[in-house]
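Below: structure-v9.pdb (PDB, C-alpha atoms)
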```
ATOM      1  CA  MET A 232       0.000   0.000   0.000
ATOM      2  CA  SER A 233       1.358   3.425  -0.939
ATOM      3  CA  ASN A 234       1.388   6.413   1.379
ATOM      4  CA  SER A 235      -0.768   9.495   0.835
ATOM      5  CA  VAL A 236       1.411  11.492   3.237
ATOM      6  CA  GLU A 237       5.089  11.179   4.114
ATOM      7  CA  ILE A 238       6.760  13.469   6.654
ATOM      8  CA  ASN A 239      10.474  13.341   7.468
ATOM      9  CA  GLY A 240      12.208  15.432  10.117
ATOM     10  CA  LEU A 241       9.653  18.258  10.134
ATOM     11  CA  ASN A 242      10.443  21.254  12.338
ATOM     12  CA  LYS A 243       8.626  24.548  12.866
ATOM     13  CA  SER A 244       9.314  27.318  15.368
ATOM     14  CA  TYR A 245       7.924  30.759  16.110
ATOM     15  CA  GLY A 246      10.903  32.625  17.488
ATOM     16  CA  LYS A 247      12.163  30.607  20.452
ATOM     17  CA  LEU A 248       8.953  28.577  20.651
ATOM     18  CA  SER A 249       9.364  25.183  18.984
ATOM     19  CA  VAL A 250       5.928  24.040  17.726
ATOM     20  CA  LEU A 251       6.901  20.923  15.730
ATOM     21  CA  LYS A 252       9.978  18.899  16.668
ATOM     22  CA  ASP A 253      11.462  16.390  14.230
ATOM     23  CA  VAL A 254       8.083  14.929  13.212
ATOM     24  CA  ASN A 255       8.171  11.716  11.143
ATOM     25  CA  LEU A 256       4.913  10.176   9.861
ATOM     26  CA  ASN A 257       3.606   7.969   7.080
ATOM     27  CA  VAL A 258      -0.142   7.947   6.312
ATOM     28  CA  PRO A 259      -1.326   4.956   4.223
ATOM     29  CA  GLU A 260      -3.631   5.590   1.290
ATOM     30  CA  GLY A 261      -7.308   5.134   2.172
ATOM     31  CA  ALA A 262      -6.700   5.086   5.935
ATOM     32  CA  ILE A 263      -8.528   6.993   8.650
ATOM     33  CA  TYR A 264      -5.492   8.457  10.381
ATOM     34  CA  GLY A 265      -5.881  10.163  13.737
ATOM     35  CA  LEU A 266      -3.699  12.924  15.118
ATOM     36  CA  ILE A 267      -4.458  12.916  18.832
ATOM     37  CA  GLY A 268      -3.257  15.347  21.447
ATOM     38  CA  PRO A 269      -4.254  18.047  23.926
ATOM     39  CA  ASN A 270      -4.883  21.628  22.865
ATOM     40  CA  GLY A 271      -1.574  23.271  21.966
ATOM     41  CA  ALA A 272       0.062  20.006  20.907
ATOM     42  CA  GLY A 273       0.810  21.317  17.400
ATOM     43  CA  LYS A 274      -1.995  19.535  15.544
ATOM     44  CA  THR A 275      -3.292  22.585  13.646
ATOM     45  CA  THR A 276       0.252  23.706  12.766
ATOM     46  CA  LEU A 277       0.991  20.265  11.315
ATOM     47  CA  ILE A 278      -2.169  20.249   9.201
ATOM     48  CA  LYS A 279      -1.473  23.750   7.884
ATOM     49  CA  ALA A 280       1.998  22.601   6.842
ATOM     50  CA  LEU A 281       0.499  19.594   5.053
ATOM     51  CA  VAL A 282      -1.981  21.657   3.033
ATOM     52  CA  GLY A 283       0.606  24.263   2.047
ATOM     53  CA  ALA A 284      -0.802  27.034   4.240
ATOM     54  CA  LEU A 285       2.319  27.274   6.394
ATOM     55  CA  LYS A 286       6.043  27.361   5.612
ATOM     56  CA  TYR A 287       8.073  25.104   7.869
ATOM     57  CA  ASP A 288      11.689  25.529   8.952
ATOM     58  CA  SER A 289      13.215  22.202   7.954
ATOM     59  CA  GLY A 290      12.349  18.674   6.936
ATOM     60  CA  LYS A 291      10.450  17.212   4.010
ATOM     61  CA  ILE A 292       6.745  16.729   3.299
ATOM     62  CA  SER A 293       5.138  14.768   0.484
ATOM     63  CA  VAL A 294       1.356  14.773   0.031
ATOM     64  CA  LEU A 295       0.121  12.677  -2.901
ATOM     65  CA  ASN A 296       3.758  12.750  -4.069
ATOM     66  CA  LEU A 297       3.694  16.565  -4.213
ATOM     67  CA  ASP A 298       5.495  19.209  -2.174
ATOM     68  CA  PRO A 299       2.816  21.317  -0.409
ATOM     69  CA  ILE A 300       4.815  24.533  -0.955
ATOM     70  CA  LYS A 301       6.388  24.024  -4.390
ATOM     71  CA  ASN A 302       3.308  22.322  -5.868
ATOM     72  CA  LYS A 303       0.684  24.192  -3.863
ATOM     73  CA  TRP A 304      -1.859  24.744  -6.645
ATOM     74  CA  ASP A 305      -1.566  21.258  -8.129
ATOM     75  CA  LEU A 306      -2.037  19.810  -4.664
ATOM     76  CA  ARG A 307      -5.044  21.919  -3.721
ATOM     77  CA  ARG A 308      -7.017  20.491  -6.626
ATOM     78  CA  GLN A 309      -6.627  17.037  -5.067
ATOM     79  CA  ILE A 310      -7.087  17.672  -1.349
ATOM     80  CA  GLY A 311      -9.827  18.941   0.923
ATOM     81  CA  TYR A 312      -9.238  20.994   4.072
ATOM     82  CA  MET A 313     -11.798  21.634   6.779
ATOM     83  CA  PRO A 314     -10.488  24.067   9.417
ATOM     84  CA  GLN A 315     -11.671  24.202  13.029
ATOM     85  CA  THR A 316     -13.918  27.182  12.352
ATOM     86  CA  PRO A 317     -16.249  26.725   9.349
ATOM     87  CA  SER A 318     -15.477  29.186   6.506
ATOM     88  CA  LEU A 319     -19.043  29.701   5.350
ATOM     89  CA  TYR A 320     -21.279  32.544   4.200
ATOM     90  CA  GLY A 321     -24.098  32.918   6.702
ATOM     91  CA  ASP A 322     -26.369  34.832   4.322
ATOM     92  CA  LEU A 323     -26.247  31.990   1.760
ATOM     93  CA  THR A 324     -28.078  28.668   1.889
ATOM     94  CA  ALA A 325     -26.341  25.320   2.303
ATOM     95  CA  PHE A 326     -26.788  24.687  -1.422
ATOM     96  CA  GLN A 327     -25.352  28.104  -2.325
ATOM     97  CA  ASN A 328     -22.328  27.677  -0.062
ATOM     98  CA  ILE A 329     -21.447  24.308  -1.540
ATOM     99  CA  SER A 330     -22.026  25.589  -5.085
ATOM    100  CA  PHE A 331     -19.752  28.559  -4.405
ATOM    101  CA  PHE A 332     -16.848  26.283  -3.498
ATOM    102  CA  GLY A 333     -17.691  23.973  -6.385
ATOM    103  CA  LYS A 334     -17.564  26.878  -8.832
ATOM    104  CA  ALA A 335     -14.175  27.904  -7.446
ATOM    105  CA  HIS A 336     -12.929  24.397  -8.289
ATOM    106  CA  GLY A 337     -14.435  24.535 -11.768
ATOM    107  CA  ILE A 338     -16.793  21.611 -11.152
ATOM    108  CA  LYS A 339     -18.859  20.580 -14.190
ATOM    109  CA  ASN A 340     -22.585  19.806 -13.800
ATOM    110  CA  LEU A 341     -22.389  21.865 -10.633
ATOM    111  CA  GLU A 342     -26.054  21.682  -9.628
ATOM    112  CA  GLU A 343     -26.124  17.893  -9.986
ATOM    113  CA  GLU A 344     -22.848  17.443  -8.099
ATOM    114  CA  THR A 345     -23.970  19.797  -5.328
ATOM    115  CA  ASN A 346     -27.154  17.805  -4.835
ATOM    116  CA  LYS A 347     -25.124  14.590  -4.686
ATOM    117  CA  ILE A 348     -22.922  16.005  -1.936
ATOM    118  CA  LEU A 349     -25.974  17.295  -0.057
ATOM    119  CA  ALA A 350     -27.441  13.793  -0.147
ATOM    120  CA  PHE A 351     -24.160  12.151   0.898
ATOM    121  CA  THR A 352     -23.777  14.470   3.897
ATOM    122  CA  GLU A 353     -27.476  14.113   4.788
ATOM    123  CA  LEU A 354     -28.233  17.796   4.216
ATOM    124  CA  SER A 355     -30.806  17.581   1.415
ATOM    125  CA  ASP A 356     -33.695  18.566   3.668
ATOM    126  CA  ARG A 357     -31.816  21.736   4.752
ATOM    127  CA  LYS A 358     -30.400  22.708   1.340
ATOM    128  CA  ASN A 359     -32.451  25.911   1.044
ATOM    129  CA  ASP A 360     -31.968  27.088   4.640
ATOM    130  CA  LEU A 361     -29.635  29.974   5.425
ATOM    131  CA  VAL A 362     -26.455  28.730   7.073
ATOM    132  CA  ARG A 363     -26.629  31.426   9.754
ATOM    133  CA  ASN A 364     -29.684  29.623  11.144
ATOM    134  CA  PHE A 365     -27.809  26.319  11.512
ATOM    135  CA  SER A 366     -26.406  25.003  14.779
ATOM    136  CA  GLY A 367     -22.623  24.880  15.150
ATOM    137  CA  GLY A 368     -22.648  21.150  14.459
ATOM    138  CA  MET A 369     -24.747  21.532  11.320
ATOM    139  CA  GLN A 370     -22.480  24.312  10.074
ATOM    140  CA  LYS A 371     -19.579  21.874  10.384
ATOM    141  CA  ARG A 372     -21.589  19.412   8.315
ATOM    142  CA  VAL A 373     -21.995  22.059   5.567
ATOM    143  CA  SER A 374     -18.274  22.832   5.828
ATOM    144  CA  LEU A 375     -17.546  19.135   5.288
ATOM    145  CA  ALA A 376     -19.793  19.140   2.200
ATOM    146  CA  CYS A 377     -17.868  22.130   0.801
ATOM    147  CA  THR A 378     -14.633  20.221   1.438
ATOM    148  CA  LEU A 379     -15.890  17.230  -0.558
ATOM    149  CA  ILE A 380     -17.457  18.955  -3.589
ATOM    150  CA  HIS A 381     -14.389  18.489  -5.828
ATOM    151  CA  LYS A 382     -13.917  14.821  -4.834
ATOM    152  CA  PRO A 383     -10.509  15.112  -3.137
ATOM    153  CA  LYS A 384      -8.184  12.128  -2.750
ATOM    154  CA  ILE A 385      -7.327  13.110   0.814
ATOM    155  CA  ILE A 386      -9.137  15.346   3.298
ATOM    156  CA  PHE A 387      -7.604  17.103   6.288
ATOM    157  CA  LEU A 388     -10.042  17.683   9.135
ATOM    158  CA  ASP A 389      -9.077  19.885  12.077
ATOM    159  CA  GLU A 390     -11.243  19.096  15.123
ATOM    160  CA  PRO A 391     -14.275  18.259  12.934
ATOM    161  CA  THR A 392     -16.535  17.102  15.774
ATOM    162  CA  ALA A 393     -15.522  19.441  18.589
ATOM    163  CA  ALA A 394     -18.656  20.819  20.312
ATOM    164  CA  VAL A 395     -20.862  18.551  18.169
ATOM    165  CA  ASP A 396     -23.673  16.593  19.838
ATOM    166  CA  PRO A 397     -23.118  12.804  20.178
ATOM    167  CA  GLN A 398     -25.710  11.794  17.558
ATOM    168  CA  LEU A 399     -24.318  14.143  14.917
ATOM    169  CA  LYS A 400     -20.771  13.053  15.790
ATOM    170  CA  GLN A 401     -21.732   9.424  15.216
ATOM    171  CA  ARG A 402     -23.265  10.235  11.839
ATOM    172  CA  THR A 403     -20.202  12.285  10.856
ATOM    173  CA  TRP A 404     -17.826   9.420  11.635
ATOM    174  CA  ALA A 405     -20.065   7.106   9.620
ATOM    175  CA  LEU A 406     -19.456   9.439   6.656
ATOM    176  CA  PHE A 407     -15.704   9.300   7.270
ATOM    177  CA  LYS A 408     -15.920   5.499   7.161
ATOM    178  CA  LYS A 409     -17.768   5.590   3.820
ATOM    179  CA  LEU A 410     -15.167   7.928   2.364
ATOM    180  CA  SER A 411     -12.327   5.716   3.556
ATOM    181  CA  GLU A 412     -13.969   2.632   2.055
ATOM    182  CA  SER A 413     -14.112   4.459  -1.290
ATOM    183  CA  GLY A 414     -10.346   5.037  -1.161
ATOM    184  CA  VAL A 415     -10.247   8.576   0.245
ATOM    185  CA  THR A 416      -7.587   9.153   2.905
ATOM    186  CA  ILE A 417      -8.892  10.828   6.065
ATOM    187  CA  PHE A 418      -6.396  12.769   8.196
ATOM    188  CA  VAL A 419      -8.236  13.958  11.281
ATOM    189  CA  SER A 420      -6.927  15.865  14.286
ATOM    190  CA  THR A 421      -8.788  15.801  17.568
ATOM    191  CA  HIS A 422      -8.317  16.289  21.295
ATOM    192  CA  LEU A 423     -11.233  13.893  21.953
ATOM    193  CA  MET A 424      -9.457  10.733  23.025
ATOM    194  CA  ASP A 425     -12.414   8.403  22.404
ATOM    195  CA  GLU A 426     -12.190   9.217  18.691
ATOM    196  CA  ALA A 427      -8.848   7.411  18.595
ATOM    197  CA  MET A 428     -10.788   4.132  18.650
ATOM    198  CA  LEU A 429     -12.474   5.074  15.374
ATOM    199  CA  CYS A 430      -9.188   5.453  13.477
ATOM    200  CA  ASP A 431      -7.120   2.829  11.679
ATOM    201  CA  LYS A 432      -3.932   4.283  13.095
ATOM    202  CA  VAL A 433      -3.146   7.001  15.603
ATOM    203  CA  THR A 434      -0.306   9.408  16.274
ATOM    204  CA  ILE A 435      -0.119  10.896  19.755
ATOM    205  CA  LEU A 436       1.359  14.404  19.673
ATOM    206  CA  ARG A 437       2.415  16.514  22.663
ATOM    207  CA  GLN A 438       4.143  19.902  22.488
ATOM    208  CA  GLY A 439       5.109  19.248  18.882
ATOM    209  CA  GLU A 440       6.671  15.832  19.524
ATOM    210  CA  VAL A 441       5.414  12.462  18.304
ATOM    211  CA  LEU A 442       5.098  10.255  21.385
ATOM    212  CA  LEU A 443       3.600   7.168  19.787
ATOM    213  CA  VAL A 444       2.321   5.838  16.448
ATOM    214  CA  ASP A 445       0.187   2.710  16.689
ATOM    215  CA  THR A 446      -3.205   1.117  16.126
ATOM    216  CA  PRO A 447      -5.998   1.752  18.660
ATOM    217  CA  HIS A 448      -5.968  -1.952  19.601
ATOM    218  CA  ASN A 449      -2.260  -1.898  20.433
ATOM    219  CA  ILE A 450      -2.700   1.292  22.455
ATOM    220  CA  LEU A 451      -5.474  -0.345  24.496
ATOM    221  CA  VAL A 452      -3.188  -3.286  25.256
ATOM    222  CA  LYS A 453      -0.750  -0.848  26.877
ATOM    223  CA  GLY A 454      -3.335  -0.234  29.606
ATOM    224  CA  LYS A 455      -4.032  -2.265  32.732
ATOM    225  CA  THR A 456      -6.972  -4.552  33.497
ATOM    226  CA  LYS A 457      -8.389  -5.122  36.965
ATOM    227  CA  ILE A 458      -9.531  -8.724  37.444
ATOM    228  CA  THR A 459     -11.998  -9.476  40.232
ATOM    229  CA  VAL A 460     -12.434 -13.180  41.037
ATOM    230  CA  ASN A 461     -15.349 -14.240  43.253
ATOM    231  CA  ARG A 462     -14.614 -17.607  44.894
ATOM    232  CA  ASN A 463     -17.332 -18.755  47.307
ATOM    233  CA  GLY A 464     -18.139 -15.164  48.226
ATOM    234  CA  THR A 465     -14.526 -14.117  48.707
ATOM    235  CA  LYS A 466     -13.381 -11.561  46.148
ATOM    236  CA  THR A 467      -9.771 -11.319  45.025
ATOM    237  CA  GLU A 468      -8.592  -8.368  42.920
ATOM    238  CA  LEU A 469      -5.594  -8.466  40.597
ATOM    239  CA  ILE A 470      -4.040  -5.874  38.297
ATOM    240  CA  SER A 471      -2.860  -7.351  35.013
ATOM    241  CA  GLY A 472      -1.673  -6.259  31.616
ATOM    242  CA  SER A 473      -4.461  -6.121  29.020
ATOM    243  CA  SER A 474      -2.983  -8.475  26.427
ATOM    244  CA  ALA A 475      -4.620 -11.881  25.991
ATOM    245  CA  SER A 476      -1.455 -13.654  27.184
ATOM    246  CA  ALA A 477      -1.185 -11.507  30.336
ATOM    247  CA  LEU A 478      -4.823 -12.132  31.268
ATOM    248  CA  ALA A 479      -4.473 -15.868  30.651
ATOM    249  CA  SER A 480      -1.361 -15.975  32.835
ATOM    250  CA  GLU A 481      -3.213 -14.425  35.770
ATOM    251  CA  LEU A 482      -6.229 -16.714  35.409
ATOM    252  CA  LYS A 483      -4.040 -19.824  35.359
ATOM    253  CA  LYS A 484      -3.148 -19.074  38.967
ATOM    254  CA  PHE A 485      -6.753 -19.933  39.896
ATOM    255  CA  GLY A 486      -7.097 -22.986  37.711
ATOM    256  CA  LEU A 487     -10.680 -21.944  36.969
ATOM    257  CA  ASP A 488     -11.953 -24.429  39.558
ATOM    258  CA  LYS A 489     -15.617 -25.044  40.261
ATOM    259  CA  GLU A 490     -15.643 -22.729  43.261
ATOM    260  CA  ILE A 491     -15.079 -19.654  41.045
ATOM    261  CA  GLN A 492     -18.536 -18.175  40.607
ATOM    262  CA  ASP A 493     -17.716 -15.287  38.305
ATOM    263  CA  ILE A 494     -14.871 -13.159  36.980
ATOM    264  CA  THR A 495     -15.064  -9.438  36.242
ATOM    265  CA  PHE A 496     -12.689  -7.500  33.973
ATOM    266  CA  THR A 497     -12.347  -3.709  34.230
ATOM    267  CA  GLN A 498     -10.073  -2.278  31.537
ATOM    268  CA  ASP A 499      -8.460   1.138  31.311
ATOM    269  CA  ASN A 500     -10.276   3.291  28.770
ATOM    270  CA  ILE A 501      -8.453   4.822  25.815
ATOM    271  CA  GLU A 502      -8.460   8.311  27.344
ATOM    272  CA  ASN A 503      -6.719   7.178  30.533
ATOM    273  CA  ILE A 504      -4.138   5.215  28.550
ATOM    274  CA  ILE A 505      -3.315   8.116  26.219
ATOM    275  CA  LEU A 506      -3.138  10.614  29.085
ATOM    276  CA  ASP A 507      -0.831   8.207  30.930
ATOM    277  CA  ILE A 508       1.425   7.982  27.865
ATOM    278  CA  VAL A 509       1.515  11.782  27.632
ATOM    279  CA  ASP A 510       2.263  12.166  31.361
ATOM    280  CA  LYS A 511       5.095   9.623  31.271
ATOM    281  CA  LYS A 512       6.818  11.556  28.465
ATOM    282  CA  LYS A 513       6.831  14.833  30.372
TER     283      LYS A 513
END
```
If you convert what's in this file into structure tokens, what do you get?
Amino acid sequence: MSNSVEINGLNKSYGKLSVLKDVNLNVPEGAIYGLIGPNGAGKTTLIKALVGALKYDSGKISVLNLDPIKNKWDLRRQIGYMPQTPSLYGDLTAFQNISFFGKAHGIKNLEEETNKILAFTELSDRKNDLVRNFSGGMQKRVSLACTLIHKPKIIFLDEPTAAVDPQLKQRTWALFKKLSESGVTIFVSTHLMDEAMLCDKVTILRQGEVLLVDTPHNILVKGKTKITVNRNGTKTELISGSSASALASELKKFGLDKEIQDITFTQDNIENIILDIVDKKK
């Protein structure tokens, strides 16, 4: 599988403040790739560098085999970028906003394509409503539609579901999954740790440094599991690693005899594990 994004030794500073420190990443084509970290970790700076909106100090970036600075205009025809704050026109309808961005990209059959995107993003019933009357979450949905109108090969999403209600967040991630299945690469930054579980691979970023690159499953295994064994009314608690082999090793100590009435597992959640990883690197 080829990579949609390759980053080698990326550095960016503002005066004495180092924002990105020797960042190295590879993003596989068609993956949902998560950039996870607290506010101020450097996530937005990294995305701006990837889309050619920011000059970096040193290192090398390749997006779809193009340099984001040298090949800025060629690249922008093939990528989508949704910033944290929706860049929409409040006095235009959802349909008009999407059409505006489509026209800027020179999309043919614009009305037909706009209606297709409205249907895909589940906005058809609000197409003629003014965007200023939309909730913040719905405005982000329109912003996503504008990002998709030219059928980009990769989309960069900066905190796309921050301050979005749980139901709308679930529907938005379902759209990301559909896009990924069609071959579109999704590069999404978030400070919401539970969204790490929805990604194929995750990079944990803190103060501009990459702390860890791994799959959500492997990150979960780094946590601890509390095992509670109830034997004839007497409860015994153990703290074990979360891998299958570690859990099996602990249970072998009990032999799973007939007196064991039940066993309870309580695993660390993804947020606690990621925060623990961040704290240990301080």
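Of the residues listed (A:Asn234, A:Thr497, A:Thr459, A:Ser249), A:Ser249 shows the shortest atom-to-atom separation from A:Gln438; distances use only C-alpha atoms.
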Specify as a CSV table (one decimal) with C-alpha atoms, keeping the file's coordinate frame each residue included when the PyMOL selection byres ((chain A and resi 313) around 7) is applied to this file.
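Now in out34.csv:
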```csv
chain,number,residue,atom,x,y,z
A,311,GLY,CA,-9.8,18.9,0.9
A,312,TYR,CA,-9.2,21.0,4.1
A,314,PRO,CA,-10.5,24.1,9.4
A,315,GLN,CA,-11.7,24.2,13.0
A,374,SER,CA,-18.3,22.8,5.8
A,375,LEU,CA,-17.5,19.1,5.3
A,378,THR,CA,-14.6,20.2,1.4
A,387,PHE,CA,-7.6,17.1,6.3
A,388,LEU,CA,-10.0,17.7,9.1
A,389,ASP,CA,-9.1,19.9,12.1
```
For this session: Given the file shown, enumerate the residues that the PyMOL selection byres ((chain A and resi 399-415) around 8) captures and present them as a ChimeraX atom specification.
Result: /A:260-263,351-352,368,372,383-386,392,395-398,416-417,429
Can I get the selected residues back with C-alpha atoms, as a tab-separated table (two decimals), in the coordinates of the input?
```tsv
chain	number	residue	atom	x	y	z
A	260	GLU	CA	-3.63	5.59	1.29
A	261	GLY	CA	-7.31	5.13	2.17
A	262	ALA	CA	-6.70	5.09	5.94
A	263	ILE	CA	-8.53	6.99	8.65
A	351	PHE	CA	-24.16	12.15	0.90
A	352	THR	CA	-23.78	14.47	3.90
A	368	GLY	CA	-22.65	21.15	14.46
A	372	ARG	CA	-21.59	19.41	8.32
A	383	PRO	CA	-10.51	15.11	-3.14
A	384	LYS	CA	-8.18	12.13	-2.75
A	385	ILE	CA	-7.33	13.11	0.81
A	386	ILE	CA	-9.14	15.35	3.30
A	392	THR	CA	-16.54	17.10	15.77
A	395	VAL	CA	-20.86	18.55	18.17
A	396	ASP	CA	-23.67	16.59	19.84
A	397	PRO	CA	-23.12	12.80	20.18
A	398	GLN	CA	-25.71	11.79	17.56
A	416	THR	CA	-7.59	9.15	2.90
A	417	ILE	CA	-8.89	10.83	6.06
A	429	LEU	CA	-12.47	5.07	15.37
```
Exercise. Between atom CA of A:Leu251 and atom CA of A:Ile238, what is the distance, to one decimal in Å?
Worked result: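 Interatomic distance here is 11.7 Å.
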Exercise. Can you tell me how far atom CA of A:Asn255 sits from atom CA of A:Asn239, in Å to one decimal?
Worked result: 4.6 Å
Taking every listed atom of stretch 417-434 of chain A and adding 8 Å to each side, what centre and edge lengths in Å (one decimal) does the axis-aligned box have, as lines of an AutoDock Vina configuration file?
```
center_x = -6.4
center_y = 9.6
center_z = 14.5
size_x = 28.2
size_y = 29.5
size_z = 33.0
```
For this session: Do a neighbour search on A:Glu440 at 10 Å with only C-alpha atoms, toss out local chain neighbours closer than 2 positions, and write the hits as a ChimeraX atom specification.
Result: /A:242,249-255,272-273,435-438,442-443,512
For this session: With the file shown as input, list the residues that the PyMOL selection byres ((chain A and resi 481) around 12) selects, as a list in words.
Result: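 Taken on the displayed file, the PyMOL selection byres ((chain A and resi 481) around 12) yields the residues Thr456, Lys457, Ile458, Thr459, Val460, Thr467, Glu468, Leu469, Ile470, Ser471, Gly472, Ser473, Ser474, Ala475, Ser476, Ala477, Leu478, Ala479, Ser480, Leu482, Lys483, Lys484, Phe485, Gly486, Leu487, Ile494 and Phe496 of chain A.
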For this session: Kindly give the distance, in Å, that separates atom CA of A:Gln327 and atom CA of A:Lys382, rounded to a single decimal.
Result: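 Here the two named atoms are 17.7 Å from each other.
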Need the neighbours of (0.8, 3.5, 17.1): which residues are at most 8 Å away, counting all atoms listed in the file, as a compact mmCIF listing (two decimals) with C-alpha atoms, in the coordinates of the input?
```txt
# COMPACT_ATOMS: atom_id res chain seq x y z
CA LYS A 432 -3.93 4.28 13.10
CA VAL A 433 -3.15 7.00 15.60
CA THR A 434 -0.31 9.41 16.27
CA ILE A 435 -0.12 10.90 19.76
CA LEU A 443 3.60 7.17 19.79
CA VAL A 444 2.32 5.84 16.45
CA ASP A 445 0.19 2.71 16.69
CA THR A 446 -3.20 1.12 16.13
CA PRO A 447 -6.00 1.75 18.66
CA ASN A 449 -2.26 -1.90 20.43
CA ILE A 450 -2.70 1.29 22.46
```
For this session: Considering all atoms listed in the file, state which residue in the set A:Val452, A:Val441, A:Val362, A:Met424 is at the smallest distance from A:Asn503.
Result: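 Result for the nearest residue to A:Asn503: A:Met424.
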Exercise. Hey, which of A:Gln309, A:Thr276, A:Asn461, A:Ser420 ends up closest to A:Glu490? Count all atoms listed in the file.
Worked result: A:Asn461
For this session: For stretch 279-281 of chain A, work out the shell of residues within 9 Å, counting all atoms listed in the file and skipping chain neighbours fewer than 2 positions away, then give it as a list of chain:residue names.
Result: A:Val236, A:Ile238, A:Lys274, A:Thr275, A:Thr276, A:Leu277, A:Gly283, A:Ala284, A:Leu285, A:Lys286, A:Tyr287, A:Ile292, A:Ser293, A:Val294, A:Asp298, A:Pro299, A:Ile300, A:Phe387
Problem set entry | Top pick for closest residue to A:Ile310, considering A:Val282, A:Cys377, A:Met428, A:Ile501 and counting all atoms listed in the file |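 Closest residue, counting all atoms listed in the file: A:Val282.
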For this session: Identify which of the residues A:Glu344, A:Glu502, A:Asp425, A:Asp431 lies closest to A:Lys453, counting all atoms listed in the file when measuring atom-to-atom distances.
Result: A:Glu502
For this session: Using all atoms listed in the file, find the one residue out of A:Leu423, A:Gly265, A:Ser235, A:Ala394 that sits nearest to A:Leu306.
Result: A:Ser235
